[in-house]
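Asker: Quick one: the structure is below, and I'll ask about it shortly.
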Amino acid sequence: MSIKRDNTEPVSETSTGPVEARLSATACDRIAVVPQTPSGSLVDENGQDQKPIFLLLQGQSDILDLIASRAPLKETLDRTAALAELVIENACCSVQVLDRGGERFVDVVAPNLPDDYIRHINAGSIGSGASVEAICAVSKKPLNILDLSAESPETPAYLRDLAGSHGLSAVWAHPMLDQSGEPLGVLSLYCQTAQDGNPRVDRIVRALASLARFAIEHHRSNEALRSADQRFGALAASIPGVVYQRMVTPDGQIRYTYISDGAKDLFGVSPEEIVSDPNALFDCHGPQYRETFRERLLEASRELKMWDVEATIVTKDGEQKYTHAIARPHRTPDGTVFWDGVILDATRIKQAELEAASIEARTREVILESISQGLALYDEDDTLVVCNSHFLDLNPELDDVIRPGVGYETVARALIDSSLDAEAPPSQRDELLQQHMQLHRSGGHAAERRLPNGRWVLITEHRTEHGGTAIVHTDVTELKKREAKLETSNHELQQFASVASHDLQEPLRKIEAFGDRLHKMCGSSLGEEATLYLDRMLSSTKRMRKLINDLLAYSRVTTKPRPFEACNFKAIAGEVVSDLQIQIEESGGRVEVADLPVVEADAMQMRQLLQNLISNALKFRRKDVPPVVTVSGQIVSGDNRPAGPVAPAGDLLELSISDNGIGFDMKYVERIFNIFQRLHNRSEYDGTGIGLATCRKIVERHGGALRATSEPGHGTTVTAILPVKQMLTEA
Amino acid sequence: MTPQSKPVTILVAEDDADDRLLLKDAFQESSLANELRFVEDGEQLLAYLRREGEFADPGEAPIAGLILLDLNMPKMDGREALTIIKNDAVLRSIPVVVLTTSAEEDDVFYAYRLGVSSYISKPVTFEGLVNVVKVLNAYWLEVVELPPEQTANA
């Protein structure tokens with residue numbers, strides 16, 4: 001007996017198709033020409049018994065059924081080994097399956113093979129070549145030894161030893177290779193009788209090895225699938241929500257092809273129910289939702305838009321929840337759109353949101369109601385967003401009009417209607433409304449309004465950051481009352497000042513006149529002392545008259561105002577300088593008047609202002625320095641306006657009167673503009689202390705401000721800041 | 001009537017005794033021979049001009065050729081009296097010179113609108129007053145031809 005080694009290429013059935021199909025085809029060809037003998041036995045044309053072939057076919061078919069029904073691998077392989085032993089007399093078959101690393105055999109199915117053999121098969125890794133199966137697996141080639149008792153270096157020693165004790169004298173080992181040519185295992189067949197190149201045995205071994213390989217591969221891919229499935233299931237189960245796949249067919253049918261178990265938790269509906277009828281899911285969204293959902297889904301499927309939908313659901317158990325669904329579409333060539341997505345339980349987020357919103361709303365409510373003004377807020381489209389109850393208290397006639405979403409114009413019309421007589425013609429209403437809307441559109445404005453109940457409201461309008469409007473109604477009734485009271489008392493005070501001044505002048509004039517008479521008629525007979533007293537008396541009277549006149553001038557700034565007109569400051573200053581000519585000449589100094597602009601003002605008062613300031617500048621001169629007074633002016637942009645009670649807009653004139661006089665310490669700067677405030681003794685510099693106060697009053701009436709800078713011994717600059725255009729309208 | 005045959009009577013309506021004294025002194029100082037007659041308020045002024053009440057006797061009320069009128073007086077003030085005089089067909093021809101402390105624009109406008117001949121603010125000093133009297137004399141009593149004297153009750 002010689003050892004026959006099959007030197008063909010490593011076995012691979014991938015290119016030639018399923019072995020069993022080929023095998024059956026061959027068998028069938030044969031069967032077609034095989035007559036059935038009367039005894040029922042099958043004999044071929046050579047007189048050989050064909051029964052084992054049919055058994056083989058039958059067995060193969062049974063095993064394929066087992067594989068298809070996913071029977072345990074061991075059972076399948078067991079049946080394969082049994083089949084081999086059935087069709088080949090006196091044979092023991094074993095199937096060895098390698099582990100995933102291809103290191104060693106893990107499953108050995110050998111129903112009838114003696115344990116001595118199995119020990120060798122199981123001994124260590126296949127690389128050690130401990131068994132004929134290991135050698136076969138490593139070489140990936142069939143290894144047939146037809147006579148084990150024959151002396152041969154290639155026959156493993158153990159086989160020759162065992163052949164004696166078990167009578168197994170031939171072995172066919174056939175490797176099972178996967179698609180990439182790596183070994184999956186080995187099928188081996190031992191025969192008691194030495195077989196001399198029996199091609200039938202070889203073919204059967206080949207066929208069964210293919211079958212076993214198929215069983216193993218099928219088992220492994222099933223296992224891989226199952227574990228992928230398990231992984232996916234575990235993943236899906238760990239998501240706090242639902243994973244799904246749904247399809248939308250071109251004719252608009254919606255079906256869930258997969259939905260994870262989370263559906264049960266989220267919707268209270270089992271995945272099976274949803275897969276069989278999607279309405280089970282839709283119904284959780286309420287009856288109205290079903291159709292809108294359908295429409296949205298069909299539209300999204302047409303446009304392949306991302307699906308991102310928040311919804312309120314009621315579970316089968318009646319619990320209300322919020323869901324957030326996100327899904328991505330993909331279209332298959334037949335036009336069906338598949339959506340892979342998740343539905344998350346957003347209840348807690350939503351509840352937190354709602355809570356935050358409710359806190360915000362409550363806070364807003366508290367703030368809105370805690371302010372003492374009426375407030376109405378309109379958005380950028382001029383529709384009402386919110387208004388507080390004070391607003392309605394102040395405007396009860398708006399009760400029927402005010403509601404969120406009402407337009408600004410509607411509210412304005414209602415206010416205008418309520419402020420007009422019922423008989424007022426519609427054209428008047430329209431005109432008023434148009435004027436009002438124009439003001440409204442041009443930006444914030446302010447107005448006072450007398451309510452039908454006699455109260456006064458100040459209405460101010462503010463543009464918000466986002467282009468909306470905030471309307472603030474402030475009850476100014478008390479303010480108005482106080483204002484009126486103040487005006488009356490102011491008026492009375494002014495009248496008093498002016499009347500008092502007149503009446504004070506009367507006795508003064510008499511004292512002067514009679515003093516004068518006394519001086520004239522008895523002057524020569526009066527003693528030196530008496531004359532001195534009389535002189536002092538008369539000089540006091542003069543001073544008194546000056547005081548009264550200055551006080552009158554001070555009060556006349558507001559009691560006798562003249563309208564604002566274009567004033568040529570250059571001309572006015574020229575007139576004042578010529579009026580002061582005597583004083584200038586006496587002082588030995590000069591007044592320089594620069595080019596001055598034309599500004600809107602009360603000409604008379606501007607004259608008085610310049611007169612006071614220039615004559616002050618001349619008066620407070622240094623003893624031995626001839627005074628030099630400069631009058632200059634410049635227009636400055638209103639943007640750089642100084643702080644203070646200055647008119648709200650427009651360019652300004654900075655009118656400066658500078659001198660080289662005695663100056664003053666800047667710590668007195670606030671005082672010098674106050675009435676009766678003086679910094680010098682009268683014997684040094686005469687004056688009433690009313691001149692600068694009058695100047696300030698004049699400038700403030702013009703919406704301007706008066707400033708002074710000075711340095712003792714160097715001079716003073718007084719600056720009057722006056723608006724170029726008068727915007728203040730005087731009552 | 002021959003001009004300057006007899007100096008015209010000057011009627012002064014002035015409530016203030018001091019001012020009356022000062023005026024009298026000023027006229028004396030100016031050495032004027034005109035008769036000065038004084039009334040103390042608007043009502044007296046009208047009574048004088050119309051020779052009513054205490055002025056019913058013609059001797060008590062020589063016909064006035066010029067009236068010096070103060071504006072601020074009790075009972076009936078100068079403004080009111082002026083309005084009545086200037087609306088009186090007979091009295092309106094008597095020249096009225098306002099002599100007052102008021103320098104109010106309103107008063108000045110008002111007085112001229114009613115037809116006063118002059119508006120003079122009372123001078124502050126006696127000297128000034130003497131000066132005013134001299135000017136008044138020079139103008140009204142020497143330069144100007146006054147209307148012939150008519151009796152108010154003619």
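By convention in this document, the chains of the structure tokens carry letters A, B, ... by their order, each chain's residues are numbered from 1, and ligands are numbered from 1 in the order they are shown.
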Can you pull out the residues contacting region 97-108 of chain A? Cut-off 8 Å, using only C-alpha atoms, and skip same-chain residues under 2 positions away; I want them as an NGL selection string.

Answerer: :A and (74 or 94-95 or 110 or 118 or 121-122 or 124-127 or 183-186 or 216)

Asker: Neighbouring residues of Glu60 (chain B) were defined as those with any atom within 12 Å, considering only C-alpha atoms; residues of the same chain fewer than 2 positions away were excluded. Please report them as a ChimeraX atom specification.

Answerer: /B:9,37-39,47-58,62-64

Asker: Find the residues around Ser93 (chain B) up to 10 Å (only C-alpha atoms counted), leave out those fewer than 2 positions away in its own chain, and share them as a PyMOL selection string.

Answerer: chain B and resi 65-66+85-86+88-91+95-96+115+146-150

Asker: Can those selected residues be exported to a file as a compact mmCIF listing (two decimals), in the first residue's frame so that it contains C-alpha atoms?

Answerer:
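Output saved as result_3.txt:
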# COMPACT_ATOMS: atom_id res chain seq x y z
CA GLY B 65 -55.67 175.08 29.52
CA LEU B 66 -53.36 172.09 30.15
CA ILE B 85 -61.66 162.80 28.76
CA LYS B 86 -60.55 161.69 25.32
CA ASP B 88 -65.67 163.55 25.68
CA ALA B 89 -66.46 165.84 22.73
CA VAL B 90 -65.69 169.00 24.74
CA LEU B 91 -62.88 167.90 27.04
CA PRO B 95 -54.02 168.97 25.93
CA VAL B 96 -53.09 166.27 28.41
CA GLY B 115 -54.46 160.84 22.37
CA LEU B 146 -53.62 176.24 22.56
CA PRO B 147 -57.24 175.96 21.56
CA PRO B 148 -59.40 178.89 22.62
CA GLU B 149 -60.72 178.39 26.10
CA GLN B 150 -64.11 176.86 26.16

Asker: Take CA of Phe673 (chain A) and CA of Ser656 (chain A) and report the distance between them in Å, one decimal.

Answerer: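 Answer for the CA of Phe673 (chain A) to CA of Ser656 (chain A) separation: 15.6 Å.
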
Asker: If the cut-off is 7 Å, can you tell me the residues of chain B near chain A, counting only C-alpha atoms? I'd like them as a ChimeraX atom specification.

Answerer: /B:124-126

Asker: Could the residues in this selection be written to a file with C-alpha atoms, as a JSON list (two decimals), in the first residue's frame?

Answerer:
[["chain", "number", "residue", "atom", "x", "y", "z"],
["B", 124, "VAL", "CA", -35.78, 161.55, 39.79],
["B", 125, "THR", "CA", -34.17, 164.71, 41.05],
["B", 126, "PHE", "CA", -35.74, 168.02, 41.85]]

Asker: Check the DSSP output for the backbone and give back, as JSON, numbers by chain, the residues of region 305-503 of chain A in strand (DSSP E).

Answerer: {"A": [307, 308, 309, 310, 311, 312, 313, 314, 320, 321, 322, 323, 324, 325, 326, 327, 328, 329, 330, 331, 337, 338, 339, 340, 341, 342, 343, 344, 345, 374, 375, 376, 377, 378, 384, 385, 386, 387, 446, 447, 448, 449, 450, 456, 457, 458, 459, 460, 461, 462, 463, 469, 470, 471, 472, 473, 474, 475]}

Asker: Assign secondary structure with DSSP using the backbone only, and return the residues of region 56-114 of chain B in alpha helix (DSSP H) as number ranges by chain.

Answerer: B: 78-86, 105-113

Asker: Mind pulling up the distance from CA of Glu487 (chain A) to CA of Pro452 (chain A)?

Answerer: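 Straight-line distance from CA of Pro452 (chain A) to CA of Glu487 (chain A) works out to 23.8 Å.
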
Asker: Skipping near chain neighbours, those fewer than 5 positions away, what residues fall within 12 Å of Glu105 (chain B) using only C-alpha atoms, listed as an MDAnalysis selection string?

Answerer: (chainID A and resid 560) or (chainID B and resid 110:112 119 121)

Asker: Have a look at CA of Gln581 (chain A) and CA of Glu104 (chain B) and let me know their distance in Å, one decimal.

Answerer: 27.2 Å
